[in-house]
Protein chains: 2
Amino acid sequence: MPTRVTIKSIARDLGISHMTVSRALSNHPNVQKETREAVLKRAEELGYVRSAAATAMRGDRMRIVGLLLPNIVNEFYARFADTMAMACEEAALHLTIHLTRDDIDAETQALRRLQELQARAVVMVPTPGQSQAGRPHLQAMRVLQLIRERDIGQPVPTVQVDDAGAIRDAVLHLAAAGHRRIGYIGATPALSSGRVRLAAYRTGLAAAGLSEEAPLVITGAPTAETGRAGLHRLLESATATVCGGFEISNGALIALLSAGQRPDGPFGFVGYGDPSFYSWIGAGVSTVSIPVDALAHCAVELLQEDAPAPERHAFTARFVAR
Amino acid sequence: MPTRVTIKSIARDLGISHMTVSRALSNHPNVQKETREAVLKRAEELGYVRSAAATAMRGDRMRIVGLLLPNIVNEFYARFADTMAMACEEAALHLTIHLTRDDIDAETQALRRLQELQARAVVMVPTPGQSQAGRPHLQAMRVLQLIRERDIGQPVPTVQVDDAGAIRDAVLHLAAAGHRRIGYIGATPALSSGRVRLAAYRTGLAAAGLSEEAPLVITGAPTAETGRAGLHRLLESATATVCGGFEISNGALIALLSAGQRPDGPFGFVGYGDPSFYSWIGAGVSTVSIPVDALAHCAVELLQEDAPAPERHAFTARFVAR
DNA sequence: GTGAAAGCGCTAACAT
DNA sequence: ATGTTAGCGCTTTCAC
């Protein structure tokens, strides 16, 4: 194995001091033109790369940002990660992904390892539970909470989605179209997002002057399967439904289509999330559109700041009628 | 800002040498029981974490693995990343994601930055083009190519998908069901995967004793939109189709469903990839099933090896009739 | 314009 | 069982 190319090895190679090499490589003015050029040329030839470890040892944090997500297959998280990865690339930051599966121990572990790395910052979707072990020491690492909020012993900025208005609007939209039996398929109220969305559905019903009928409210795991099963039941008992989750929405939509119905069809359908294909099924799928990219960009901007205020940044979802 | 907790700060705190602290923390036998316990206790209290940078400076590479992908929204890449992230978590490796958008400069840049980090390894889907600039110096970093192969100046292991057999089987399956006008919707032959899959489709036609009809072969960008548009055309000119791409398949399937057709006929449909919902649409969607998890696990295993042989690891896709 | 020294956090090697 | 030294690659500080 060839020894590492360092400023010292280049210096020896050129018969000069390693300091001159350092200066040449970091554009310091006090280097003779020819010396600088010789250094740059040799560095290029040998494939020199500055050691991030050595830089970190001198006090700088690593140019690393951690991203803690429950998973990355979920459309929302994938899109979020995608946008964040691009933004990080632009800011010359490394984005490291840590999947928690919503397990607090995995989360704690990931945070700990990010500190070993001296990561600059971490964007996390906090796991629902409360830690039984002590809170991790966050030291100098910037923390930013996404989607959910949890007390981690210090105030941190959060980036949230406010979808209550959009869900209420969805119900009102269906009611205005004449629907009286409007169902809801969403995540279990055990999740805070599940609670909020269900409450928004109820607000919508009330605003439309409709009363809730228990059999029309279907909650379960936030999976496509829940959406599929839910829609099957609602096809018999309701005339329309609102979905409260990405996977659930996709599952329900596929079930609707495979039942031979169109999304703009007699059965009223409002999805959740806005993958591109929603816009070209039939006349388009009405949906609660989440501004994923805006969320991701906000997150990256906050990461760039020296001392981001521990504020709540809420992004409003929009009901899109199609 | 509180100064960093280091072995030296703990040593001062305890009035002992930093070496004793180091030994205690790394389970070296030569430490008195009480001393060790005192150290561990204090370290825990202060939230000490070993500096990865310092460790890296001493010669160890960082416990970082880079993953270079065109994007992460694509179902296949998302699932691959998901599985890899879990496996890395288990192996105490950090997985850093770098999106190339199939741009060779982005790729080169990402590789360079991974070296600055002294990443242990990189799993990359090489971009199609050829680099005009010189090849990056890979130094001691292990490289593993995924899906595609490109000469990067040194032999490296590759993890590939062999889907030709499955695509041929798909055509034969449709032919056996009586279809004579079997279409194909796939990626442009500009991509190597596009070429291979199209060739497999042709092999299938030949094996079934059918001749190719140009209008039935639709290629384009590997997007859902290509699938949608393709299926619309084929609905008029063909009686069945095989898909050659994840996004294309999803797009075509949605188009099929929203045309009021069921995937189990009369129009013969074979998708590509096997997201969970394919199994519960109607009687199920026949598809070319790609063993994503096996690919990901193979990749992680190769990363663990000291000196993985530069072999080609091919995973065979299976045609699943449903 | 260039160089020498020191120190960031850590551990292997060598004292004691 | 514990302590001291040196050096990994780099930049800041202080000579020259």
# chains A, B, ... in the order shown; residues from 1 in each chain; ligands from 1
>>> residues_around(residues="DC10 of chain D", least_positions_apart="2", cutoff="8 Å", atoms="only C-alpha atoms (C1' of nucleotides)", output="MDAnalysis selection string")
chainID A and resid 51 54:55 58
>>> write_last_selection(atoms="N, CA, C and O atoms", output="compact mmCIF listing (two decimals), in the first residue's frame")
# COMPACT_ATOMS: atom_id res chain seq x y z
N SER A 51 -6.26 16.06 4.58
CA SER A 51 -6.87 15.14 5.54
C SER A 51 -7.90 15.84 6.40
O SER A 51 -7.58 16.75 7.17
N ALA A 54 -7.11 15.60 10.16
CA ALA A 54 -6.14 16.55 10.71
C ALA A 54 -6.78 17.92 10.88
O ALA A 54 -6.56 18.60 11.89
N THR A 55 -7.58 18.31 9.91
CA THR A 55 -8.27 19.60 10.02
C THR A 55 -9.19 19.59 11.25
O THR A 55 -9.24 20.56 12.00
N ARG A 58 -7.63 20.15 14.55
CA ARG A 58 -7.23 21.51 14.86
C ARG A 58 -8.40 22.36 15.31
O ARG A 58 -8.28 23.56 15.46
>>> residues_around(residues="DT12 of chain D", least_positions_apart="5", cutoff="12 Å", atoms="only C-alpha atoms (C1' of nucleotides)", output="list in words")
Met19, Ser22, Arg23, Arg58 and Gly59 of chain A; DA5, DA6, DG7 and DC8 of chain C
>>> write_last_selection(atoms="N, CA, C and O atoms (P, O5', C5', C4', C3', O3' and C1' of nucleotides)", output="PDB file, in the first residue's frame")
ATOM      1  N   MET A  19       5.509  23.773   5.406  1.00  0.00           N
ATOM      2  CA  MET A  19       4.711  24.979   5.598  1.00  0.00           C
ATOM      3  C   MET A  19       4.472  25.701   4.275  1.00  0.00           C
ATOM      4  O   MET A  19       3.388  26.220   4.018  1.00  0.00           O
ATOM      5  N   SER A  22       1.808  23.903   2.587  1.00  0.00           N
ATOM      6  CA  SER A  22       0.519  24.245   3.194  1.00  0.00           C
ATOM      7  C   SER A  22       0.024  25.584   2.673  1.00  0.00           C
ATOM      8  O   SER A  22      -1.134  25.718   2.260  1.00  0.00           O
ATOM      9  N   ARG A  23       0.902  26.564   2.696  1.00  0.00           N
ATOM     10  CA  ARG A  23       0.505  27.902   2.241  1.00  0.00           C
ATOM     11  C   ARG A  23       0.104  27.885   0.775  1.00  0.00           C
ATOM     12  O   ARG A  23      -0.892  28.488   0.384  1.00  0.00           O
ATOM     13  N   ARG A  58      -7.632  20.150  14.548  1.00  0.00           N
ATOM     14  CA  ARG A  58      -7.230  21.511  14.858  1.00  0.00           C
ATOM     15  C   ARG A  58      -8.401  22.359  15.310  1.00  0.00           C
ATOM     16  O   ARG A  58      -8.279  23.558  15.455  1.00  0.00           O
ATOM     17  N   GLY A  59      -9.548  21.736  15.503  1.00  0.00           N
ATOM     18  CA  GLY A  59     -10.659  22.481  16.082  1.00  0.00           C
ATOM     19  C   GLY A  59     -11.889  22.575  15.202  1.00  0.00           C
ATOM     20  O   GLY A  59     -12.997  22.639  15.696  1.00  0.00           O
TER      21      GLY A  59
ATOM     22  P    DA C   5      12.788  23.616  15.362  1.00  0.00           P
ATOM     23  O5'  DA C   5      11.451  24.098  16.094  1.00  0.00           O
ATOM     24  C5'  DA C   5      11.380  25.433  16.578  1.00  0.00           C
ATOM     25  C4'  DA C   5      10.109  25.606  17.402  1.00  0.00           C
ATOM     26  C3'  DA C   5       9.702  24.388  18.218  1.00  0.00           C
ATOM     27  O3'  DA C   5       9.125  24.851  19.427  1.00  0.00           O
ATOM     28  C1'  DA C   5       7.973  24.917  16.709  1.00  0.00           C
ATOM     29  P    DA C   6       8.749  23.828  20.617  1.00  0.00           P
ATOM     30  O5'  DA C   6       7.165  23.965  20.728  1.00  0.00           O
ATOM     31  C5'  DA C   6       6.586  25.267  20.677  1.00  0.00           C
ATOM     32  C4'  DA C   6       5.083  25.132  20.526  1.00  0.00           C
ATOM     33  C3'  DA C   6       4.494  23.944  21.292  1.00  0.00           C
ATOM     34  O3'  DA C   6       3.262  24.360  21.847  1.00  0.00           O
ATOM     35  C1'  DA C   6       3.879  23.797  19.030  1.00  0.00           C
ATOM     36  P    DG C   7       2.725  23.677  23.176  1.00  0.00           P
ATOM     37  O5'  DG C   7       1.295  23.161  22.713  1.00  0.00           O
ATOM     38  C5'  DG C   7       0.410  24.053  22.050  1.00  0.00           C
ATOM     39  C4'  DG C   7      -0.558  23.236  21.219  1.00  0.00           C
ATOM     40  C3'  DG C   7      -1.037  21.939  21.894  1.00  0.00           C
ATOM     41  O3'  DG C   7      -2.444  21.882  21.831  1.00  0.00           O
ATOM     42  C1'  DG C   7      -0.322  21.511  19.708  1.00  0.00           C
ATOM     43  P    DC C   8      -3.201  21.021  22.920  1.00  0.00           P
ATOM     44  O5'  DC C   8      -4.525  20.557  22.159  1.00  0.00           O
ATOM     45  C5'  DC C   8      -5.373  21.465  21.447  1.00  0.00           C
ATOM     46  C4'  DC C   8      -5.917  20.739  20.246  1.00  0.00           C
ATOM     47  C3'  DC C   8      -6.313  19.289  20.530  1.00  0.00           C
ATOM     48  O3'  DC C   8      -7.702  19.246  20.876  1.00  0.00           O
ATOM     49  C1'  DC C   8      -5.079  19.513  18.441  1.00  0.00           C
TER      50       DC C   8
END
>>> closest_atom_pairs(of="chain C", to="chain A", cutoff="10 Å", atoms="only C-alpha atoms (C1' of nucleotides)", output="JSON lines")
{"residue": "C:DG1", "atom": "C1'", "partner": "A:Asn30", "partner_atom": "CA", "distance": 5.7}
{"residue": "C:DT2", "atom": "C1'", "partner": "A:Thr20", "partner_atom": "CA", "distance": 6.9}
{"residue": "C:DG3", "atom": "C1'", "partner": "A:Ser17", "partner_atom": "CA", "distance": 6.4}
{"residue": "C:DA4", "atom": "C1'", "partner": "A:Ser17", "partner_atom": "CA", "distance": 9.3}
{"residue": "C:DG7", "atom": "C1'", "partner": "A:Arg58", "partner_atom": "CA", "distance": 8.4}
{"residue": "C:DC8", "atom": "C1'", "partner": "A:Arg58", "partner_atom": "CA", "distance": 4.6}
{"residue": "C:DG9", "atom": "C1'", "partner": "A:Met57", "partner_atom": "CA", "distance": 7.1}
>>> write_last_selection(atoms="C-alpha atoms (C1' of nucleotides)", output="PDB file, in the first residue's frame")
ATOM      1  C1'  DG C   1       8.899  34.685   1.172  1.00  0.00           C
ATOM      2  C1'  DT C   2      10.203  30.822   3.942  1.00  0.00           C
ATOM      3  C1'  DG C   3      10.936  27.878   7.905  1.00  0.00           C
ATOM      4  C1'  DA C   4      10.772  25.948  12.743  1.00  0.00           C
ATOM      5  C1'  DG C   7      -0.322  21.511  19.708  1.00  0.00           C
ATOM      6  C1'  DC C   8      -5.079  19.513  18.441  1.00  0.00           C
ATOM      7  C1'  DG C   9      -6.633  13.788  20.739  1.00  0.00           C
TER       8       DG C   9
END
>>> interface_residues(of="chain D", to="chain A", cutoff="9 Å", atoms="only C-alpha atoms (C1' of nucleotides)", output="VMD selection string")
chain D and resid 8 to 11
>>> interface_residues(of="chain B", to="chain A", cutoff="8 Å", atoms="only C-alpha atoms", output="count of residues only")
51
>>> decode(residues="segment 93-107 of chain B", atoms="N, CA, C and O atoms", output="PDB file, in the first residue's frame")
ATOM      1  N   LEU B  93     -20.771   1.459  10.966  1.00  0.00           N
ATOM      2  CA  LEU B  93     -20.219   2.284   9.895  1.00  0.00           C
ATOM      3  C   LEU B  93     -21.189   3.429   9.612  1.00  0.00           C
ATOM      4  O   LEU B  93     -22.399   3.259   9.719  1.00  0.00           O
ATOM      5  N   HIS B  94     -20.638   4.574   9.269  1.00  0.00           N
ATOM      6  CA  HIS B  94     -21.483   5.684   8.858  1.00  0.00           C
ATOM      7  C   HIS B  94     -21.675   5.601   7.356  1.00  0.00           C
ATOM      8  O   HIS B  94     -20.711   5.439   6.615  1.00  0.00           O
ATOM      9  N   LEU B  95     -22.911   5.720   6.912  1.00  0.00           N
ATOM     10  CA  LEU B  95     -23.183   5.688   5.478  1.00  0.00           C
ATOM     11  C   LEU B  95     -23.427   7.107   4.988  1.00  0.00           C
ATOM     12  O   LEU B  95     -24.372   7.761   5.414  1.00  0.00           O
ATOM     13  N   THR B  96     -22.565   7.593   4.106  1.00  0.00           N
ATOM     14  CA  THR B  96     -22.806   8.944   3.592  1.00  0.00           C
ATOM     15  C   THR B  96     -23.276   8.860   2.153  1.00  0.00           C
ATOM     16  O   THR B  96     -22.711   8.142   1.344  1.00  0.00           O
ATOM     17  N   ILE B  97     -24.332   9.607   1.895  1.00  0.00           N
ATOM     18  CA  ILE B  97     -24.995   9.555   0.594  1.00  0.00           C
ATOM     19  C   ILE B  97     -24.538  10.705  -0.284  1.00  0.00           C
ATOM     20  O   ILE B  97     -24.505  11.850   0.154  1.00  0.00           O
ATOM     21  N   HIS B  98     -24.212  10.392  -1.501  1.00  0.00           N
ATOM     22  CA  HIS B  98     -23.831  11.436  -2.455  1.00  0.00           C
ATOM     23  C   HIS B  98     -24.604  11.223  -3.737  1.00  0.00           C
ATOM     24  O   HIS B  98     -24.473  10.187  -4.372  1.00  0.00           O
ATOM     25  N   LEU B  99     -25.408  12.208  -4.104  1.00  0.00           N
ATOM     26  CA  LEU B  99     -26.218  12.054  -5.314  1.00  0.00           C
ATOM     27  C   LEU B  99     -25.475  12.630  -6.500  1.00  0.00           C
ATOM     28  O   LEU B  99     -24.993  13.763  -6.460  1.00  0.00           O
ATOM     29  N   THR B 100     -25.394  11.850  -7.548  1.00  0.00           N
ATOM     30  CA  THR B 100     -24.624  12.286  -8.715  1.00  0.00           C
ATOM     31  C   THR B 100     -25.501  12.851  -9.819  1.00  0.00           C
ATOM     32  O   THR B 100     -25.006  13.569 -10.680  1.00  0.00           O
ATOM     33  N   ARG B 101     -26.794  12.476  -9.816  1.00  0.00           N
ATOM     34  CA  ARG B 101     -27.674  12.836 -10.944  1.00  0.00           C
ATOM     35  C   ARG B 101     -27.015  12.385 -12.243  1.00  0.00           C
ATOM     36  O   ARG B 101     -27.169  13.030 -13.276  1.00  0.00           O
ATOM     37  N   ASP B 102     -26.250  11.331 -12.156  1.00  0.00           N
ATOM     38  CA  ASP B 102     -25.551  10.788 -13.322  1.00  0.00           C
ATOM     39  C   ASP B 102     -24.635  11.803 -13.982  1.00  0.00           C
ATOM     40  O   ASP B 102     -24.457  11.797 -15.202  1.00  0.00           O
ATOM     41  N   ASP B 103     -24.066  12.661 -13.178  1.00  0.00           N
ATOM     42  CA  ASP B 103     -23.129  13.661 -13.698  1.00  0.00           C
ATOM     43  C   ASP B 103     -21.722  13.288 -13.241  1.00  0.00           C
ATOM     44  O   ASP B 103     -21.460  13.135 -12.050  1.00  0.00           O
ATOM     45  N   ILE B 104     -20.836  13.128 -14.191  1.00  0.00           N
ATOM     46  CA  ILE B 104     -19.509  12.602 -13.858  1.00  0.00           C
ATOM     47  C   ILE B 104     -18.701  13.561 -12.997  1.00  0.00           C
ATOM     48  O   ILE B 104     -17.884  13.133 -12.171  1.00  0.00           O
ATOM     49  N   ASP B 105     -18.940  14.848 -13.153  1.00  0.00           N
ATOM     50  CA  ASP B 105     -18.204  15.798 -12.322  1.00  0.00           C
ATOM     51  C   ASP B 105     -18.648  15.692 -10.872  1.00  0.00           C
ATOM     52  O   ASP B 105     -17.830  15.747  -9.948  1.00  0.00           O
ATOM     53  N   ALA B 106     -19.941  15.540 -10.679  1.00  0.00           N
ATOM     54  CA  ALA B 106     -20.458  15.351  -9.324  1.00  0.00           C
ATOM     55  C   ALA B 106     -19.842  14.086  -8.731  1.00  0.00           C
ATOM     56  O   ALA B 106     -19.470  14.039  -7.561  1.00  0.00           O
ATOM     57  N   GLU B 107     -19.724  13.070  -9.550  1.00  0.00           N
ATOM     58  CA  GLU B 107     -19.146  11.811  -9.087  1.00  0.00           C
ATOM     59  C   GLU B 107     -17.692  12.001  -8.657  1.00  0.00           C
ATOM     60  O   GLU B 107     -17.296  11.585  -7.564  1.00  0.00           O
TER      61      GLU B 107
END
